[in-house]
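entry_22.txt, holding compact mmCIF, N, CA and C atoms:
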# COMPACT_ATOMS: atom_id res chain seq x y z
N MET B 62 4.68 1.83 5.65
CA MET B 62 3.68 2.00 4.62
C MET B 62 4.33 1.71 3.26
N ILE B 63 3.69 0.92 2.47
CA ILE B 63 4.19 0.54 1.15
C ILE B 63 3.36 1.25 0.08
N GLU B 64 4.02 2.03 -0.78
CA GLU B 64 3.32 2.66 -1.89
C GLU B 64 3.18 1.65 -3.03
N ILE B 65 1.98 1.55 -3.57
CA ILE B 65 1.72 0.60 -4.65
C ILE B 65 0.99 1.30 -5.79
N THR B 66 1.03 0.69 -6.95
CA THR B 66 0.32 1.22 -8.11
C THR B 66 -1.13 0.73 -8.08
N ALA B 67 -1.94 1.31 -8.93
CA ALA B 67 -3.33 0.87 -9.05
C ALA B 67 -3.40 -0.59 -9.50
N ASN B 68 -2.51 -1.00 -10.40
CA ASN B 68 -2.50 -2.40 -10.85
C ASN B 68 -2.20 -3.35 -9.69
N GLU B 69 -1.25 -2.98 -8.84
CA GLU B 69 -0.94 -3.82 -7.68
C GLU B 69 -2.14 -3.87 -6.72
N ALA B 70 -2.82 -2.74 -6.55
CA ALA B 70 -4.01 -2.70 -5.69
C ALA B 70 -5.11 -3.59 -6.27
N ARG B 71 -5.30 -3.56 -7.59
CA ARG B 71 -6.29 -4.43 -8.24
C ARG B 71 -6.01 -5.90 -7.96
N ARG B 72 -4.73 -6.27 -8.00
CA ARG B 72 -4.36 -7.66 -7.72
C ARG B 72 -4.72 -8.04 -6.28
N LEU B 73 -4.48 -7.14 -5.35
CA LEU B 73 -4.84 -7.41 -3.95
C LEU B 73 -6.35 -7.59 -3.80
N VAL B 74 -7.12 -6.74 -4.49
CA VAL B 74 -8.58 -6.84 -4.45
C VAL B 74 -9.02 -8.18 -5.05
N ARG B 75 -8.46 -8.55 -6.20
CA ARG B 75 -8.83 -9.82 -6.84
C ARG B 75 -8.49 -11.02 -5.96
N ARG B 76 -7.39 -10.94 -5.23
CA ARG B 76 -6.99 -12.05 -4.35
C ARG B 76 -7.91 -12.18 -3.14
N GLY B 77 -8.72 -11.15 -2.88
CA GLY B 77 -9.68 -11.22 -1.77
C GLY B 77 -9.08 -10.98 -0.41
N ILE B 78 -7.93 -10.31 -0.34
CA ILE B 78 -7.30 -10.10 0.97
C ILE B 78 -7.49 -8.69 1.51
N VAL B 79 -8.18 -7.84 0.75
CA VAL B 79 -8.42 -6.47 1.20
C VAL B 79 -9.66 -6.45 2.10
N CYS B 80 -9.52 -5.88 3.29
CA CYS B 80 -10.66 -5.78 4.23
C CYS B 80 -11.50 -4.54 3.96
N SER B 81 -10.83 -3.43 3.70
CA SER B 81 -11.53 -2.19 3.40
C SER B 81 -10.55 -1.24 2.74
N ILE B 82 -11.08 -0.14 2.28
CA ILE B 82 -10.26 0.91 1.68
C ILE B 82 -10.59 2.21 2.41
N ARG B 83 -9.56 2.98 2.73
CA ARG B 83 -9.74 4.20 3.49
C ARG B 83 -9.26 5.39 2.66
N ILE B 84 -10.08 6.43 2.61
CA ILE B 84 -9.68 7.70 1.99
C ILE B 84 -9.29 8.63 3.13
N ASN B 85 -8.08 9.15 3.08
CA ASN B 85 -7.59 10.04 4.12
C ASN B 85 -7.37 11.42 3.55
N ASN B 86 -8.02 12.42 4.14
CA ASN B 86 -7.90 13.81 3.70
C ASN B 86 -7.12 14.55 4.77
N ASP B 87 -5.79 14.50 4.65
CA ASP B 87 -4.93 15.07 5.68
C ASP B 87 -3.93 16.03 5.03
N SER B 88 -3.80 17.19 5.58
CA SER B 88 -2.83 18.18 5.11
C SER B 88 -2.99 18.51 3.63
N ASN B 89 -4.23 18.73 3.21
CA ASN B 89 -4.52 19.09 1.82
C ASN B 89 -4.05 18.04 0.82
N ARG B 90 -3.95 16.81 1.26
CA ARG B 90 -3.50 15.71 0.41
C ARG B 90 -4.44 14.54 0.63
N ILE B 91 -5.15 14.16 -0.40
CA ILE B 91 -6.10 13.06 -0.28
C ILE B 91 -5.42 11.80 -0.77
N ARG B 92 -5.32 10.80 0.11
CA ARG B 92 -4.64 9.54 -0.22
C ARG B 92 -5.61 8.38 -0.04
N VAL B 93 -5.36 7.30 -0.77
CA VAL B 93 -6.18 6.09 -0.70
C VAL B 93 -5.33 4.98 -0.08
N PHE B 94 -5.79 4.47 1.07
CA PHE B 94 -5.09 3.42 1.79
C PHE B 94 -5.82 2.10 1.62
N ILE B 95 -5.07 1.03 1.41
CA ILE B 95 -5.60 -0.31 1.26
C ILE B 95 -5.42 -1.02 2.60
N VAL B 96 -6.51 -1.47 3.20
CA VAL B 96 -6.46 -2.10 4.52
C VAL B 96 -6.49 -3.61 4.36
N ILE B 97 -5.45 -4.25 4.84
CA ILE B 97 -5.35 -5.71 4.86
C ILE B 97 -5.24 -6.11 6.32
N GLY B 98 -6.13 -6.96 6.78
CA GLY B 98 -6.16 -7.27 8.20
C GLY B 98 -6.72 -6.07 8.95
N SER B 99 -6.03 -5.65 9.99
CA SER B 99 -6.53 -4.54 10.78
C SER B 99 -5.76 -3.25 10.53
N GLU B 100 -4.78 -3.27 9.63
CA GLU B 100 -3.96 -2.09 9.42
C GLU B 100 -3.90 -1.67 7.96
N ALA B 101 -3.79 -0.38 7.74
CA ALA B 101 -3.61 0.16 6.39
C ALA B 101 -2.13 0.07 6.07
N GLY B 102 -1.73 -1.02 5.42
CA GLY B 102 -0.32 -1.23 5.15
C GLY B 102 0.11 -0.79 3.77
N HIS B 103 -0.84 -0.47 2.90
CA HIS B 103 -0.51 -0.08 1.53
C HIS B 103 -1.23 1.22 1.20
N VAL B 104 -0.59 2.03 0.38
CA VAL B 104 -1.19 3.28 -0.05
C VAL B 104 -0.95 3.43 -1.55
N LEU B 105 -1.97 3.89 -2.27
CA LEU B 105 -1.78 4.14 -3.69
C LEU B 105 -0.75 5.25 -3.87
N ASN B 106 0.08 5.13 -4.89
CA ASN B 106 1.19 6.06 -5.08
C ASN B 106 0.76 7.38 -5.72
N THR B 107 -0.49 7.72 -5.60
CA THR B 107 -1.03 8.96 -6.16
C THR B 107 -1.84 9.68 -5.09
N SER B 108 -1.76 10.99 -5.05
CA SER B 108 -2.70 11.74 -4.22
C SER B 108 -3.74 12.35 -5.16
N TYR B 109 -4.90 12.68 -4.61
CA TYR B 109 -6.04 13.09 -5.42
C TYR B 109 -6.50 14.48 -5.01
N PRO B 110 -7.01 15.27 -5.98
CA PRO B 110 -7.42 16.64 -5.67
C PRO B 110 -8.74 16.71 -4.90
N THR B 111 -9.61 15.71 -5.08
CA THR B 111 -10.92 15.73 -4.41
C THR B 111 -11.26 14.33 -3.92
N ILE B 112 -12.19 14.27 -2.98
CA ILE B 112 -12.71 12.99 -2.49
C ILE B 112 -13.35 12.23 -3.65
N GLU B 113 -14.04 12.94 -4.52
CA GLU B 113 -14.72 12.30 -5.66
C GLU B 113 -13.71 11.63 -6.59
N SER B 114 -12.59 12.27 -6.83
CA SER B 114 -11.59 11.66 -7.71
C SER B 114 -10.95 10.44 -7.05
N ALA B 115 -10.79 10.48 -5.74
CA ALA B 115 -10.29 9.30 -5.02
C ALA B 115 -11.31 8.17 -5.12
N GLN B 116 -12.59 8.49 -5.01
CA GLN B 116 -13.64 7.48 -5.12
C GLN B 116 -13.66 6.86 -6.51
N ARG B 117 -13.45 7.66 -7.53
CA ARG B 117 -13.37 7.12 -8.91
C ARG B 117 -12.20 6.16 -9.05
N ALA B 118 -11.07 6.50 -8.44
CA ALA B 118 -9.91 5.61 -8.47
C ALA B 118 -10.23 4.28 -7.79
N ILE B 119 -10.96 4.35 -6.69
CA ILE B 119 -11.36 3.13 -5.98
C ILE B 119 -12.31 2.32 -6.84
N ASP B 120 -13.24 2.98 -7.51
CA ASP B 120 -14.17 2.28 -8.41
C ASP B 120 -13.40 1.53 -9.49
N GLU B 121 -12.32 2.11 -9.99
CA GLU B 121 -11.52 1.46 -11.02
C GLU B 121 -10.80 0.22 -10.52
N LEU B 122 -10.67 0.08 -9.19
CA LEU B 122 -10.07 -1.12 -8.62
C LEU B 122 -11.07 -2.28 -8.56
N ASN B 123 -12.33 -2.00 -8.93
CA ASN B 123 -13.41 -3.00 -8.84
C ASN B 123 -13.69 -3.40 -7.39
N TRP B 124 -13.48 -2.48 -6.48
CA TRP B 124 -13.72 -2.72 -5.07
C TRP B 124 -15.20 -2.52 -4.77
N THR B 125 -15.81 -3.48 -4.12
CA THR B 125 -17.24 -3.37 -3.78
C THR B 125 -17.46 -3.37 -2.28
N GLY B 126 -16.39 -3.43 -1.50
CA GLY B 126 -16.51 -3.44 -0.05
C GLY B 126 -16.57 -2.05 0.54
N PRO B 127 -16.38 -1.97 1.86
CA PRO B 127 -16.51 -0.69 2.55
C PRO B 127 -15.37 0.29 2.23
N VAL B 128 -15.76 1.56 2.15
CA VAL B 128 -14.82 2.66 2.00
C VAL B 128 -15.04 3.61 3.17
N VAL B 129 -13.99 3.86 3.91
CA VAL B 129 -14.06 4.76 5.07
C VAL B 129 -13.37 6.06 4.70
N ILE B 130 -14.02 7.17 4.98
CA ILE B 130 -13.42 8.49 4.71
C ILE B 130 -13.03 9.11 6.05
N ASP B 131 -11.72 9.35 6.22
CA ASP B 131 -11.19 9.97 7.45
C ASP B 131 -11.08 11.46 7.26

Show me the file's structure as structure tokens.
Amino acid sequence: MIEITANEARRLVRRGIVCSIRINNDSNRIRVFIVIGSEAGHVLNTSYPTIESAQRAIDELNWTGPVVID
């Protein structure tokens, strides 16, 4: 798993190689995973206090595709 910044995630979104974005709520830590191909190979280097705050972070990436909440 590669930790990336929001700016790096924005570049991936602009390049059109992101398939989906996944919000994972595991062990009281909400993380945002960037899915390229069939695997979540990148994760934003920030954890979020709520699902809503993670969704706002995704909105800031200008992502308009699917978001899966685990």

What separates CA of Ser88 in chain B and atom C of Asp131 in chain B is a distance of 10.9 Å

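Checking B:Ala67, B:Ile84, B:Leu73, B:Met62 one by one against Gln116 in chain B, counting all atoms listed in the file, you find the shortest gap at B:Ile84.
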
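Pairwise distance (CA of Asp120 in chain B, CA of Glu64 in chain B) equals 18.7 Å.
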
Pairwise distance, CA of Val79 in chain B with CA of Ile95 in chain B, equals 6.8 Å

Item to complete: Would you list the contacts of Asn123 in chain B as a list in words, taking every protein, DNA or RNA residue within 7 Å and counting all atoms listed in the file, but skipping same-chain residues closer than 3 positions in sequence?
Response: Arg71, Val74, Ala118, Ile119, Asp120 and Gly126 of chain B

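Counting all atoms listed in the file and comparing B:Ser99, B:Arg92, B:Asn68, B:Glu113, the residue that lies closest to Cys80 in chain B is B:Ser99.
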
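Residue nearest Ala115 in chain B within the list B:Ala70, B:Ile91, B:Ile78, B:Ile130: B:Ile91 [criterion: smallest interatomic distance, all atoms listed in the file].
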
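Restricting the calculation to only C-alpha atoms, the smallest distance between Ile82 in chain B and any of B:Val104, B:Ile112, B:Ile65, B:Val128 is found for B:Val128.
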
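DSSP annotation of chain B from backbone atoms: alpha helix (DSSP H) residues are Ala67, Asn68, Glu69, Ala70, Arg71, Arg72, Leu73, Val74, Arg75, Arg76, Ile112, Glu113, Ser114, Ala115, Gln116, Arg117, Ala118, Ile119, Asp120 and Glu121 of chain B.
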
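Proximity ranking of B:Leu105, B:Val129, B:Ile97, B:Ile63 relative to Arg76 in chain B places B:Ile97 first, based on only C-alpha atoms.
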
Kindly reconstruct range 107-118 of chain B with all heavy atoms and present the result as a PDB file, in the coordinates of the input.
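Result file is part-v2.pdb:
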ATOM      1  N   THR B 107      -0.490   7.720  -5.600  1.00  0.00           N
ATOM      2  CA  THR B 107      -1.030   8.960  -6.160  1.00  0.00           C
ATOM      3  C   THR B 107      -1.840   9.680  -5.090  1.00  0.00           C
ATOM      4  O   THR B 107      -2.532   9.041  -4.311  1.00  0.00           O
ATOM      5  CB  THR B 107      -1.966   8.633  -7.348  1.00  0.00           C
ATOM      6  OG1 THR B 107      -1.250   7.836  -8.278  1.00  0.00           O
ATOM      7  CG2 THR B 107      -2.466   9.881  -8.020  1.00  0.00           C
ATOM      8  N   SER B 108      -1.760  10.990  -5.050  1.00  0.00           N
ATOM      9  CA  SER B 108      -2.700  11.740  -4.220  1.00  0.00           C
ATOM     10  C   SER B 108      -3.740  12.350  -5.160  1.00  0.00           C
ATOM     11  O   SER B 108      -3.512  12.500  -6.350  1.00  0.00           O
ATOM     12  CB  SER B 108      -1.984  12.818  -3.397  1.00  0.00           C
ATOM     13  OG  SER B 108      -1.303  13.709  -4.220  1.00  0.00           O
ATOM     14  N   TYR B 109      -4.900  12.680  -4.610  1.00  0.00           N
ATOM     15  CA  TYR B 109      -6.040  13.090  -5.420  1.00  0.00           C
ATOM     16  C   TYR B 109      -6.500  14.480  -5.010  1.00  0.00           C
ATOM     17  O   TYR B 109      -6.430  14.846  -3.841  1.00  0.00           O
ATOM     18  CB  TYR B 109      -7.178  12.081  -5.263  1.00  0.00           C
ATOM     19  CG  TYR B 109      -6.750  10.711  -5.722  1.00  0.00           C
ATOM     20  CD1 TYR B 109      -6.200   9.813  -4.829  1.00  0.00           C
ATOM     21  CD2 TYR B 109      -6.836  10.344  -7.054  1.00  0.00           C
ATOM     22  CE1 TYR B 109      -5.757   8.560  -5.247  1.00  0.00           C
ATOM     23  CE2 TYR B 109      -6.403   9.104  -7.484  1.00  0.00           C
ATOM     24  CZ  TYR B 109      -5.865   8.218  -6.571  1.00  0.00           C
ATOM     25  OH  TYR B 109      -5.422   6.996  -6.999  1.00  0.00           O
ATOM     26  N   PRO B 110      -7.010  15.270  -5.980  1.00  0.00           N
ATOM     27  CA  PRO B 110      -7.420  16.640  -5.670  1.00  0.00           C
ATOM     28  C   PRO B 110      -8.740  16.710  -4.900  1.00  0.00           C
ATOM     29  O   PRO B 110      -8.975  17.662  -4.160  1.00  0.00           O
ATOM     30  CB  PRO B 110      -7.538  17.313  -7.032  1.00  0.00           C
ATOM     31  CG  PRO B 110      -7.775  16.194  -7.989  1.00  0.00           C
ATOM     32  CD  PRO B 110      -7.072  14.995  -7.412  1.00  0.00           C
ATOM     33  N   THR B 111      -9.610  15.710  -5.080  1.00  0.00           N
ATOM     34  CA  THR B 111     -10.920  15.730  -4.410  1.00  0.00           C
ATOM     35  C   THR B 111     -11.260  14.330  -3.920  1.00  0.00           C
ATOM     36  O   THR B 111     -10.711  13.337  -4.397  1.00  0.00           O
ATOM     37  CB  THR B 111     -12.041  16.177  -5.374  1.00  0.00           C
ATOM     38  OG1 THR B 111     -12.162  15.199  -6.413  1.00  0.00           O
ATOM     39  CG2 THR B 111     -11.769  17.551  -5.968  1.00  0.00           C
ATOM     40  N   ILE B 112     -12.190  14.270  -2.980  1.00  0.00           N
ATOM     41  CA  ILE B 112     -12.710  12.990  -2.490  1.00  0.00           C
ATOM     42  C   ILE B 112     -13.350  12.230  -3.650  1.00  0.00           C
ATOM     43  O   ILE B 112     -13.191  11.009  -3.780  1.00  0.00           O
ATOM     44  CB  ILE B 112     -13.751  13.202  -1.367  1.00  0.00           C
ATOM     45  CG1 ILE B 112     -13.082  13.835  -0.138  1.00  0.00           C
ATOM     46  CG2 ILE B 112     -14.445  11.908  -1.004  1.00  0.00           C
ATOM     47  CD1 ILE B 112     -12.161  12.957   0.640  1.00  0.00           C
ATOM     48  N   GLU B 113     -14.040  12.940  -4.520  1.00  0.00           N
ATOM     49  CA  GLU B 113     -14.720  12.300  -5.660  1.00  0.00           C
ATOM     50  C   GLU B 113     -13.710  11.630  -6.590  1.00  0.00           C
ATOM     51  O   GLU B 113     -13.961  10.533  -7.088  1.00  0.00           O
ATOM     52  CB  GLU B 113     -15.571  13.313  -6.426  1.00  0.00           C
ATOM     53  CG  GLU B 113     -16.774  13.822  -5.667  1.00  0.00           C
ATOM     54  CD  GLU B 113     -16.436  14.887  -4.618  1.00  0.00           C
ATOM     55  OE1 GLU B 113     -15.325  15.473  -4.660  1.00  0.00           O
ATOM     56  OE2 GLU B 113     -17.275  15.112  -3.744  1.00  0.00           O
ATOM     57  N   SER B 114     -12.590  12.270  -6.830  1.00  0.00           N
ATOM     58  CA  SER B 114     -11.590  11.660  -7.710  1.00  0.00           C
ATOM     59  C   SER B 114     -10.950  10.440  -7.050  1.00  0.00           C
ATOM     60  O   SER B 114     -10.655   9.453  -7.726  1.00  0.00           O
ATOM     61  CB  SER B 114     -10.520  12.674  -8.134  1.00  0.00           C
ATOM     62  OG  SER B 114      -9.824  13.170  -7.016  1.00  0.00           O
ATOM     63  N   ALA B 115     -10.790  10.480  -5.740  1.00  0.00           N
ATOM     64  CA  ALA B 115     -10.290   9.300  -5.020  1.00  0.00           C
ATOM     65  C   ALA B 115     -11.310   8.170  -5.120  1.00  0.00           C
ATOM     66  O   ALA B 115     -10.940   7.007  -5.308  1.00  0.00           O
ATOM     67  CB  ALA B 115     -10.010   9.649  -3.565  1.00  0.00           C
ATOM     68  N   GLN B 116     -12.590   8.490  -5.010  1.00  0.00           N
ATOM     69  CA  GLN B 116     -13.640   7.480  -5.120  1.00  0.00           C
ATOM     70  C   GLN B 116     -13.660   6.860  -6.510  1.00  0.00           C
ATOM     71  O   GLN B 116     -13.824   5.649  -6.656  1.00  0.00           O
ATOM     72  CB  GLN B 116     -15.009   8.086  -4.790  1.00  0.00           C
ATOM     73  CG  GLN B 116     -16.138   7.084  -4.786  1.00  0.00           C
ATOM     74  CD  GLN B 116     -15.981   6.026  -3.712  1.00  0.00           C
ATOM     75  OE1 GLN B 116     -15.815   6.346  -2.548  1.00  0.00           O
ATOM     76  NE2 GLN B 116     -16.010   4.764  -4.097  1.00  0.00           N
ATOM     77  N   ARG B 117     -13.450   7.660  -7.530  1.00  0.00           N
ATOM     78  CA  ARG B 117     -13.370   7.120  -8.910  1.00  0.00           C
ATOM     79  C   ARG B 117     -12.200   6.160  -9.050  1.00  0.00           C
ATOM     80  O   ARG B 117     -12.311   5.114  -9.692  1.00  0.00           O
ATOM     81  CB  ARG B 117     -13.266   8.256  -9.930  1.00  0.00           C
ATOM     82  CG  ARG B 117     -14.594   8.930 -10.218  1.00  0.00           C
ATOM     83  CD  ARG B 117     -14.517   9.838 -11.435  1.00  0.00           C
ATOM     84  NE  ARG B 117     -13.557  10.930 -11.302  1.00  0.00           N
ATOM     85  CZ  ARG B 117     -13.814  12.095 -10.707  1.00  0.00           C
ATOM     86  NH1 ARG B 117     -15.011  12.337 -10.213  1.00  0.00           N
ATOM     87  NH2 ARG B 117     -12.885  13.020 -10.633  1.00  0.00           N
ATOM     88  N   ALA B 118     -11.070   6.500  -8.440  1.00  0.00           N
ATOM     89  CA  ALA B 118      -9.910   5.610  -8.470  1.00  0.00           C
ATOM     90  C   ALA B 118     -10.230   4.280  -7.790  1.00  0.00           C
ATOM     91  O   ALA B 118      -9.840   3.222  -8.268  1.00  0.00           O
ATOM     92  CB  ALA B 118      -8.706   6.286  -7.816  1.00  0.00           C
TER      93      ALA B 118
END
